[in-house]
$ cat target-v4.csv   # CSV, C-alpha atoms
chain,number,residue,atom,x,y,z
S,11,MET,CA,17.7,27.5,1.7
S,12,GLU,CA,17.0,25.9,-1.7
S,13,ALA,CA,13.6,24.6,-2.8
S,14,LEU,CA,13.3,20.8,-3.1
S,15,ARG,CA,11.5,19.6,-6.2
S,16,ILE,CA,11.0,16.0,-7.1
S,17,GLU,CA,9.0,15.1,-10.2
S,18,SER,CA,6.4,12.3,-10.0
S,19,THR,CA,6.9,8.8,-11.3
S,20,HIS,CA,4.6,5.8,-11.5
S,21,LYS,CA,5.5,5.0,-7.9
S,22,THR,CA,6.4,8.2,-6.2
S,23,PRO,CA,4.7,11.6,-5.8
S,24,ARG,CA,5.6,15.0,-7.1
S,25,VAL,CA,7.0,16.9,-4.2
S,26,ILE,CA,7.5,20.6,-4.0
S,27,LEU,CA,9.0,22.3,-0.9
S,28,ASP,CA,9.3,26.0,-1.7
S,29,PRO,CA,10.8,27.8,1.3
S,30,GLU,CA,10.6,31.3,-0.3
S,31,ASN,CA,6.8,31.3,-0.6
S,32,GLY,CA,6.1,28.7,2.1
S,33,ILE,CA,4.2,26.4,-0.3
S,34,PHE,CA,4.6,22.7,0.0
S,35,GLU,CA,2.9,20.1,-2.2
S,36,PHE,CA,2.7,16.3,-2.3
S,37,SER,CA,0.7,15.0,-5.2
S,38,GLY,CA,0.2,11.8,-7.1
S,39,ARG,CA,0.9,8.3,-5.8
S,40,SER,CA,3.3,7.0,-3.3
S,41,ILE,CA,3.9,3.3,-3.6
S,42,PRO,CA,7.6,2.7,-3.6
S,43,GLU,CA,9.1,-0.5,-2.2
S,44,ASP,CA,11.7,1.6,-0.4
S,45,SER,CA,9.7,4.4,1.0
S,46,VAL,CA,12.3,5.3,3.7
S,47,GLY,CA,14.8,5.9,0.9
S,48,PHE,CA,12.3,8.2,-0.9
S,49,TYR,CA,11.3,10.2,2.2
S,50,THR,CA,14.6,10.6,4.0
S,51,PRO,CA,15.8,13.6,1.9
S,52,ILE,CA,12.4,15.2,2.5
S,53,PHE,CA,12.8,14.7,6.3
S,54,ASP,CA,16.3,16.3,6.1
S,55,TRP,CA,14.9,19.2,4.2
S,56,LEU,CA,12.1,19.8,6.6
S,57,ASP,CA,14.5,19.6,9.6
S,58,GLY,CA,16.4,22.5,7.9
S,59,TYR,CA,13.3,24.5,7.2
S,60,SER,CA,12.0,24.1,10.8
S,61,LYS,CA,14.9,26.1,12.0
S,62,GLN,CA,13.7,29.2,10.2
S,63,PRO,CA,10.2,28.6,9.0
S,64,LEU,CA,8.0,31.4,7.4
S,65,PRO,CA,5.2,32.8,9.5
S,66,VAL,CA,2.7,30.9,7.4
S,67,THR,CA,3.3,27.6,5.5
S,68,HIS,CA,0.7,26.1,3.2
S,69,VAL,CA,0.8,22.4,2.7
S,70,ARG,CA,-1.2,20.6,0.0
S,71,PHE,CA,-1.6,16.8,0.1
S,72,ASP,CA,-3.2,15.6,-3.1
S,73,LEU,CA,-2.6,11.9,-3.1
S,74,GLU,CA,-4.2,9.3,-5.3
S,75,TYR,CA,-2.9,6.2,-3.5
S,76,PHE,CA,-0.2,5.3,-1.1
S,77,ASN,CA,1.1,2.1,0.3
S,78,THR,CA,1.3,1.3,4.0
S,79,SER,CA,5.0,2.0,4.3
S,80,SER,CA,4.4,5.4,2.8
S,81,SER,CA,1.7,6.0,5.3
S,82,LYS,CA,4.2,5.9,8.1
S,83,ASN,CA,6.5,8.3,6.3
S,84,ILE,CA,3.7,10.7,5.6
S,85,LEU,CA,3.0,10.6,9.3
S,86,GLU,CA,6.6,11.6,9.9
S,87,VAL,CA,6.3,14.5,7.5
S,88,LEU,CA,3.2,15.6,9.3
S,89,LYS,CA,4.9,15.3,12.7
S,90,ARG,CA,7.6,17.7,11.5
S,91,LEU,CA,4.9,20.1,10.4
S,92,GLU,CA,3.2,19.7,13.8
S,93,ALA,CA,6.5,20.6,15.5
S,94,ILE,CA,6.6,23.9,13.4
S,95,HIS,CA,3.0,24.5,14.3
S,96,ASN,CA,3.7,23.9,18.0
S,97,ALA,CA,6.6,26.3,17.9
S,98,GLY,CA,4.1,29.1,17.2
S,99,TYR,CA,4.2,29.3,13.4
S,100,GLU,CA,1.1,28.9,11.2
S,101,VAL,CA,0.9,25.7,9.2
S,102,ARG,CA,-2.1,25.2,7.1
S,103,VAL,CA,-2.5,21.6,5.8
S,104,THR,CA,-5.1,20.7,3.2
S,105,TRP,CA,-5.8,17.1,2.6
S,106,TYR,CA,-7.5,16.6,-0.8
S,107,TYR,CA,-9.6,13.5,-1.7
S,108,ASP,CA,-11.9,12.5,-4.6
S,109,GLU,CA,-15.5,12.8,-3.6
S,110,ASP,CA,-16.1,9.0,-3.9
S,111,ASP,CA,-12.8,8.1,-2.3
S,112,GLU,CA,-13.8,7.3,1.3
S,113,ASP,CA,-10.6,5.5,1.9
S,114,MET,CA,-8.5,8.6,1.3
S,115,GLU,CA,-11.0,10.7,3.3
S,116,GLU,CA,-10.7,8.3,6.2
S,117,THR,CA,-6.9,8.3,6.1
S,118,GLY,CA,-7.1,12.1,6.4
S,119,GLN,CA,-9.3,11.7,9.4
S,120,ASP,CA,-6.9,9.2,10.9
S,121,TYR,CA,-4.1,11.8,10.6
S,122,GLN,CA,-6.3,14.5,12.1
S,123,ALA,CA,-7.0,12.3,15.1
S,124,LEU,CA,-3.3,11.5,15.6
S,125,LEU,CA,-1.8,15.0,15.4
S,126,ASN,CA,-2.1,18.3,17.1
S,127,LEU,CA,-2.1,20.1,13.7
S,128,PRO,CA,-4.9,21.7,11.8
S,129,ILE,CA,-5.7,19.5,8.8
S,130,GLU,CA,-8.5,20.6,6.6
S,131,LEU,CA,-10.2,17.8,4.5
S,132,SER,CA,-11.3,19.0,1.1
S,133,VAL,CA,-13.1,17.4,-1.7
S,134,LYS,CA,-11.2,17.7,-4.9
S,135,VAL,CA,-13.0,19.4,-7.8
S,136,GLN,CA,-13.5,16.9,-10.6
S,137,SER,CA,-11.6,17.8,-13.7
Q,3,MET,CA,1.8,-28.0,-26.8
Q,4,SER,CA,-1.3,-30.0,-26.1
Q,5,MET,CA,-1.4,-28.4,-22.6
Q,6,THR,CA,-1.9,-24.9,-23.9
Q,7,TYR,CA,-5.6,-25.2,-24.5
Q,8,SER,CA,-6.3,-26.7,-21.1
Q,9,TYR,CA,-4.3,-23.9,-19.4
Q,10,TYR,CA,-6.3,-21.4,-21.3
Q,11,LYS,CA,-9.7,-23.1,-20.5
Q,12,ASN,CA,-8.7,-23.4,-16.9
Q,13,MET,CA,-7.8,-19.7,-16.5
Q,14,GLN,CA,-11.0,-18.8,-18.2
Q,15,LEU,CA,-13.1,-21.0,-16.0
Q,16,ASN,CA,-11.5,-19.6,-12.9
Q,17,ASN,CA,-11.9,-16.0,-14.1
Q,18,ILE,CA,-8.2,-15.4,-13.9
Q,19,ILE,CA,-7.2,-12.1,-15.5
Q,20,PHE,CA,-3.6,-12.4,-14.6
Q,21,VAL,CA,-1.2,-15.0,-13.3
Q,22,TYR,CA,2.5,-15.1,-12.7
Q,23,GLN,CA,4.9,-17.7,-11.4
Q,24,GLY,CA,8.5,-16.9,-11.0
Q,25,GLU,CA,11.0,-14.7,-9.3
Q,26,VAL,CA,9.7,-11.5,-7.7
Q,27,THR,CA,11.7,-8.4,-8.1
Q,28,ALA,CA,10.9,-4.7,-7.5
Q,29,ASP,CA,10.7,-4.1,-11.3
Q,30,LEU,CA,8.4,-7.0,-11.8
Q,31,VAL,CA,6.1,-5.7,-9.1
Q,32,SER,CA,6.0,-2.4,-10.9
Q,33,SER,CA,5.3,-4.0,-14.3
Q,34,ILE,CA,2.4,-6.1,-12.9
Q,35,LEU,CA,0.8,-3.2,-11.2
Q,36,GLN,CA,1.0,-1.1,-14.4
Q,37,MET,CA,-0.4,-3.9,-16.5
Q,38,VAL,CA,-3.3,-4.7,-14.3
Q,39,GLU,CA,-4.1,-1.1,-13.8
Q,40,ASN,CA,-4.3,-0.6,-17.5
Q,41,LYS,CA,-6.5,-3.6,-17.8
Q,42,LEU,CA,-8.9,-2.3,-15.1
Q,43,GLU,CA,-8.9,1.0,-16.8
Q,44,GLY,CA,-9.7,-0.4,-20.2
Q,45,GLU,CA,-12.6,-2.5,-18.9
Q,46,GLY,CA,-14.4,0.5,-17.5
Q,47,GLU,CA,-14.6,-0.8,-13.9
Q,48,ASP,CA,-16.1,1.5,-11.3
Q,49,ARG,CA,-13.5,4.0,-10.3
Q,50,LYS,CA,-13.8,3.3,-6.6
Q,51,VAL,CA,-13.6,-0.4,-7.1
Q,52,LYS,CA,-10.6,0.0,-9.3
Q,53,LYS,CA,-8.8,2.1,-6.8
Q,54,ARG,CA,-9.5,-0.4,-4.0
Q,55,VAL,CA,-8.3,-3.4,-6.1
Q,56,PHE,CA,-5.2,-1.5,-7.0
Q,57,ASN,CA,-4.5,-0.6,-3.4
Q,58,VAL,CA,-5.0,-4.2,-2.2
Q,59,MET,CA,-2.9,-5.4,-5.1
Q,60,VAL,CA,0.0,-3.1,-4.1
Q,61,GLU,CA,0.0,-4.3,-0.6
Q,62,CYS,CA,-0.3,-8.0,-1.5
Q,63,LEU,CA,2.5,-7.8,-4.0
Q,64,GLN,CA,4.8,-5.7,-1.9
Q,65,ASN,CA,4.1,-8.0,1.1
Q,66,VAL,CA,5.4,-11.0,-0.9
Q,67,TYR,CA,8.3,-9.0,-2.2
Q,68,HIS,CA,9.4,-8.0,1.3
Q,69,HIS,CA,8.6,-11.2,3.2
Q,70,LEU,CA,9.2,-14.2,1.1
Q,71,ASP,CA,11.8,-16.4,2.6
Q,72,ALA,CA,14.6,-17.9,0.6
Q,73,LEU,CA,17.4,-20.1,1.9
Q,74,PRO,CA,20.7,-20.0,0.1
Q,75,PRO,CA,20.2,-21.8,-3.3
Q,76,THR,CA,22.8,-24.3,-2.2
Q,77,ASP,CA,20.8,-25.4,0.7
Q,78,PRO,CA,19.4,-28.8,-0.2
Q,79,SER,CA,16.1,-28.2,1.6
Q,80,ASN,CA,15.3,-25.1,-0.4
Q,81,PRO,CA,12.5,-26.2,-2.6
Q,82,VAL,CA,12.6,-23.1,-4.9
Q,83,ARG,CA,16.3,-22.1,-5.2
Q,84,ASP,CA,15.3,-18.5,-5.6
Q,85,LYS,CA,12.7,-15.9,-4.6
Q,86,THR,CA,9.8,-17.3,-6.6
Q,87,ALA,CA,6.2,-16.8,-5.9
Q,88,LEU,CA,2.8,-17.1,-7.4
Q,89,LEU,CA,0.7,-14.0,-8.1
Q,90,MET,CA,-2.9,-14.2,-9.4
Q,91,ILE,CA,-5.7,-11.8,-10.0
Q,92,GLY,CA,-9.2,-12.8,-10.9
Q,93,ARG,CA,-12.6,-11.3,-11.5
Q,94,GLU,CA,-15.8,-13.0,-10.6
Q,95,GLU,CA,-19.3,-11.7,-10.8
Q,96,LYS,CA,-19.3,-10.1,-7.4
Q,97,ASP,CA,-15.6,-9.9,-6.4
Q,98,TYR,CA,-12.1,-9.3,-7.5
Q,99,TYR,CA,-9.7,-11.7,-5.9
Q,100,ILE,CA,-6.0,-11.3,-5.4
Q,101,ILE,CA,-4.0,-14.4,-4.5
Q,102,THR,CA,-0.4,-14.6,-3.6
Q,103,GLY,CA,1.6,-17.8,-2.8
Q,104,ASN,CA,5.1,-18.0,-1.5
Q,105,HIS,CA,7.3,-20.2,0.6
Q,106,VAL,CA,7.7,-19.5,4.2
Q,107,MET,CA,9.8,-21.2,6.8
Q,108,ASN,CA,7.8,-23.5,9.0
Q,109,ASP,CA,8.9,-21.8,12.2
Q,110,ARG,CA,7.3,-18.5,11.1
Q,111,ILE,CA,3.9,-20.1,10.6
Q,112,PRO,CA,2.5,-19.6,14.1
Q,113,GLU,CA,3.3,-15.9,14.1
Q,114,VAL,CA,1.8,-15.3,10.6
Q,115,LYS,CA,-1.3,-17.4,11.5
Q,116,ALA,CA,-1.8,-15.6,14.8
Q,117,ARG,CA,-1.7,-12.2,13.0
Q,118,LEU,CA,-4.1,-13.3,10.3
Q,119,ASP,CA,-6.5,-14.8,12.8
Q,120,ARG,CA,-6.4,-11.6,14.9
Q,121,ILE,CA,-7.2,-9.5,11.8
Q,122,ASN,CA,-10.0,-11.8,10.7
Q,123,ARG,CA,-11.6,-11.6,14.2
Q,124,ALA,CA,-11.4,-7.8,14.4
Q,125,SER,CA,-14.3,-5.5,13.6
Q,126,LYS,CA,-14.0,-2.6,11.2
Q,127,GLU,CA,-13.5,-0.3,14.2
Q,128,GLU,CA,-10.9,-2.6,15.8
Q,129,LEU,CA,-9.0,-2.7,12.5
Q,130,LYS,CA,-8.9,1.1,12.4
Q,131,GLN,CA,-7.6,1.2,16.0
Q,132,LEU,CA,-5.0,-1.5,15.4
Q,133,TYR,CA,-3.8,0.4,12.3
Q,134,GLN,CA,-3.4,3.6,14.2
Q,135,GLU,CA,-1.6,1.9,17.0
Q,136,ILE,CA,1.0,0.4,14.6
Q,137,LEU,CA,1.2,3.6,12.6
Q,138,THR,CA,2.2,5.6,15.7
Q,139,GLY,CA,4.2,2.8,17.4
Q,140,THR,CA,7.7,1.7,17.0
Q,141,GLY,CA,9.7,2.3,13.8
Q,142,PHE,CA,10.0,0.1,10.8
Q,143,SER,CA,10.7,-3.6,11.0
Q,144,GLU,CA,14.1,-4.8,9.8
Q,145,LYS,CA,12.8,-5.3,6.3
Q,146,GLY,CA,11.6,-1.7,6.0
Q,147,THR,CA,7.9,-2.3,6.1
Q,148,ALA,CA,5.6,-0.9,8.7
Q,149,GLY,CA,3.8,-4.2,9.6
Q,150,LEU,CA,0.6,-2.5,8.4
Q,151,GLY,CA,0.1,-4.3,5.1
Q,152,MET,CA,-2.1,-7.1,6.2
Q,153,ILE,CA,-4.3,-4.7,8.3
Q,154,ASP,CA,-4.6,-2.4,5.3
Q,155,ILE,CA,-5.5,-5.3,3.0
Q,156,ALA,CA,-8.3,-6.3,5.4
Q,157,ARG,CA,-9.6,-2.8,5.8
Q,158,LYS,CA,-9.8,-2.2,2.1
Q,159,SER,CA,-11.2,-5.7,1.4
Q,160,GLY,CA,-13.9,-5.5,4.0
Q,161,GLN,CA,-14.0,-9.3,3.9
Q,162,ARG,CA,-12.1,-12.0,5.8
Q,163,LEU,CA,-8.7,-12.9,4.4
Q,164,GLY,CA,-8.3,-16.5,3.2
Q,165,TYR,CA,-5.1,-18.3,3.8
Q,166,ASP,CA,-3.5,-21.7,3.7
Q,167,PHE,CA,-0.1,-23.3,4.7
Q,168,HIS,CA,0.7,-26.2,2.5
Q,169,PRO,CA,3.6,-28.3,3.9
Q,170,VAL,CA,6.5,-28.7,1.5
Q,171,ASN,CA,9.3,-30.2,3.6
Q,172,ASP,CA,10.6,-30.1,7.1
Q,173,LYS,CA,11.8,-26.5,6.7
Q,174,TYR,CA,9.2,-24.9,4.3
Q,175,SER,CA,5.6,-24.6,3.7
Q,176,PHE,CA,3.8,-22.8,0.8
Q,177,PHE,CA,1.7,-19.9,2.1
Q,178,SER,CA,-1.2,-18.6,0.1
Q,179,LEU,CA,-3.2,-15.6,0.9
Q,180,GLU,CA,-6.4,-14.5,-0.7
Q,181,ALA,CA,-8.0,-11.0,-0.5
Q,182,ARG,CA,-11.3,-10.2,-2.1
Q,183,VAL,CA,-12.6,-6.8,-3.1
Q,184,SER,CA,-16.3,-6.4,-3.8
Q,185,ARG,CA,-17.3,-5.2,-7.3
Q,186,ILE,CA,-20.5,-3.7,-6.0
Q,187,PRO,CA,-19.7,-0.2,-4.9
Q,188,GLU,CA,-21.1,0.7,-1.4
Q,189,LYS,CA,-23.6,3.6,-1.3

$ encode --input "target-v4.csv" --output "structure tokens"
Amino acid sequence: MEALRIESTHKTPRVILDPENGIFEFSGRSIPEDSVGFYTPIFDWLDGYSKQPLPVTHVRFDLEYFNTSSSKNILEVLKRLEAIHNAGYEVRVTWYYDEDDEDMEETGQDYQALLNLPIELSVKVQS
Amino acid sequence: MSMTYSYYKNMQLNNIIFVYQGEVTADLVSSILQMVENKLEGEGEDRKVKKRVFNVMVECLQNVYHHLDALPPTDPSNPVRDKTALLMIGREEKDYYIITGNHVMNDRIPEVKARLDRINRASKEELKQLYQEILTGTGFSEKGTAGLGMIDIARKSGQRLGYDFHPVNDKYSFFSLEARVSRIPEK
């Protein structure tokens, strides 16, 4: 299957879903009014990938902000990754946050609590 | 023209850094967010405070965009004729405040009021729990939002939400919502 690459905008994150190397990335901000419209192609892609996932998939979430409607869609992304994990494949999710950004840290903890999926919280190195 | 100075003075006295009255579109919401973000950036506000203000602003503005009620412009009881609202951002010594104002239909008031009262009564821990319940609960509301906005605003604000319903006519009231974000970063 083909990689899915979406460049970031002022309102939507950069998304890379690379099935050849099993490297996924969501970075930037996610504040679209129509978050369902933005995430639907991502769900479809992940549904395809979950049929033949690689033994190990690395997923990087490096988000600056997101709105509440995105938070529900991000949960849906994570649920699809959880399903791959539950099917016996390794899925390594890293949730990055700025050192002083307790809100983003707490959101990562919320997702950890809600899912049966290893999510590692990691402080982003300041550039 | 004589009003110009009094508008200016009034905005200055009330520490208003941005105010908009008019139709609310997706493009407008984007422009306002970008403009206020640049302004916060330029004034060297604490990064964490800036992020929180921006977050609360996104939710407040998108909340208005998704939920403001408008009757067909031809309906004689429609006081606004289009999707207009008031958006206001101010900076005081201790807090930023974000105020939105829009028309709501009177029959929706009890539901909105009950939700806000529930949020204002909840502790930090209860808000977190409520947020998680809605996040994992049933899908999106018909307008495509997750019903999480107000809770998120309250969590990020850490203060009670102010609100008011001002009667306009037998069908409409003007609903204002105020969220405050402290400028003093927590340790």

$ closest_residue --input "target-v4.csv" --among "S:Glu86, S:Asp108, S:Glu12, S:Asp44" --to "Asp72 (chain S)" --atoms "all atoms listed in the file"
S:Asp108

$ interface_residues --input "target-v4.csv" --of "chain S" --to "chain Q" --cutoff "10 Å" --atoms "all atoms listed in the file" --output "ChimeraX atom specification"
/S:20-21,41-47,74-83,85-86,108,110-113,116-117,120-121,123-124

$ write_last_selection --input "target-v4.csv" --atoms "C-alpha atoms" --output "mmCIF file, in the frame of the given file"
data_model
loop_
_atom_site.group_PDB
_atom_site.id
_atom_site.type_symbol
_atom_site.label_atom_id
_atom_site.label_comp_id
_atom_site.auth_asym_id
_atom_site.auth_seq_id
_atom_site.Cartn_x
_atom_site.Cartn_y
_atom_site.Cartn_z
ATOM 1 C CA HIS S 20 4.600 5.800 -11.500
ATOM 2 C CA LYS S 21 5.500 5.000 -7.900
ATOM 3 C CA ILE S 41 3.900 3.300 -3.600
ATOM 4 C CA PRO S 42 7.600 2.700 -3.600
ATOM 5 C CA GLU S 43 9.100 -0.500 -2.200
ATOM 6 C CA ASP S 44 11.700 1.600 -0.400
ATOM 7 C CA SER S 45 9.700 4.400 1.000
ATOM 8 C CA VAL S 46 12.300 5.300 3.700
ATOM 9 C CA GLY S 47 14.800 5.900 0.900
ATOM 10 C CA GLU S 74 -4.200 9.300 -5.300
ATOM 11 C CA TYR S 75 -2.900 6.200 -3.500
ATOM 12 C CA PHE S 76 -0.200 5.300 -1.100
ATOM 13 C CA ASN S 77 1.100 2.100 0.300
ATOM 14 C CA THR S 78 1.300 1.300 4.000
ATOM 15 C CA SER S 79 5.000 2.000 4.300
ATOM 16 C CA SER S 80 4.400 5.400 2.800
ATOM 17 C CA SER S 81 1.700 6.000 5.300
ATOM 18 C CA LYS S 82 4.200 5.900 8.100
ATOM 19 C CA ASN S 83 6.500 8.300 6.300
ATOM 20 C CA LEU S 85 3.000 10.600 9.300
ATOM 21 C CA GLU S 86 6.600 11.600 9.900
ATOM 22 C CA ASP S 108 -11.900 12.500 -4.600
ATOM 23 C CA ASP S 110 -16.100 9.000 -3.900
ATOM 24 C CA ASP S 111 -12.800 8.100 -2.300
ATOM 25 C CA GLU S 112 -13.800 7.300 1.300
ATOM 26 C CA ASP S 113 -10.600 5.500 1.900
ATOM 27 C CA GLU S 116 -10.700 8.300 6.200
ATOM 28 C CA THR S 117 -6.900 8.300 6.100
ATOM 29 C CA ASP S 120 -6.900 9.200 10.900
ATOM 30 C CA TYR S 121 -4.100 11.800 10.600
ATOM 31 C CA ALA S 123 -7.000 12.300 15.100
ATOM 32 C CA LEU S 124 -3.300 11.500 15.600
#

$ residues_around --input "target-v4.csv" --residues "Leu56 (chain S)" --least-positions-apart "4" --cutoff "10 Å" --atoms "only C-alpha atoms" --output "list of chain:residue names"
S:Leu14, S:Leu27, S:Pro29, S:Thr50, S:Pro51, S:Ile52, S:Ser60, S:Lys61, S:Pro63, S:Val87, S:Arg90, S:Leu91, S:Ile94

$ atom_distance --input "target-v4.csv" --atom1 "CA of Ile129 (chain S)" --atom2 "CA of Met11 (chain S)"
25.7 Å

$ atom_distance --input "target-v4.csv" --atom1 "CA of Asn126 (chain S)" --atom2 "CA of Leu73 (chain S)"
21.2 Å

$ atom_distance --input "target-v4.csv" --atom1 "CA of Leu179 (chain Q)" --atom2 "CA of Leu42 (chain Q)"
21.6 Å

$ residues_around --input "target-v4.csv" --residues "Arg15 (chain S)" --least-positions-apart "6" --cutoff "12 Å" --atoms "only C-alpha atoms" --output "JSON, numbers by chain"
{"S": [23, 24, 25, 26, 27, 28, 29, 33, 34, 35, 36, 37, 51, 52, 55]}

$ closest_residue --input "target-v4.csv" --among "Q:Tyr174, Q:Phe167, Q:Tyr10, Q:Tyr22" --to "Leu89 (chain Q)" --atoms "all atoms listed in the file"
Q:Tyr22

$ residues_around --input "target-v4.csv" --residues "Gly160 (chain Q)" --least-positions-apart "6" --cutoff "9 Å" --atoms "all atoms listed in the file" --output "list in words"
Lys126, Arg182, Val183 and Ser184 of chain Q
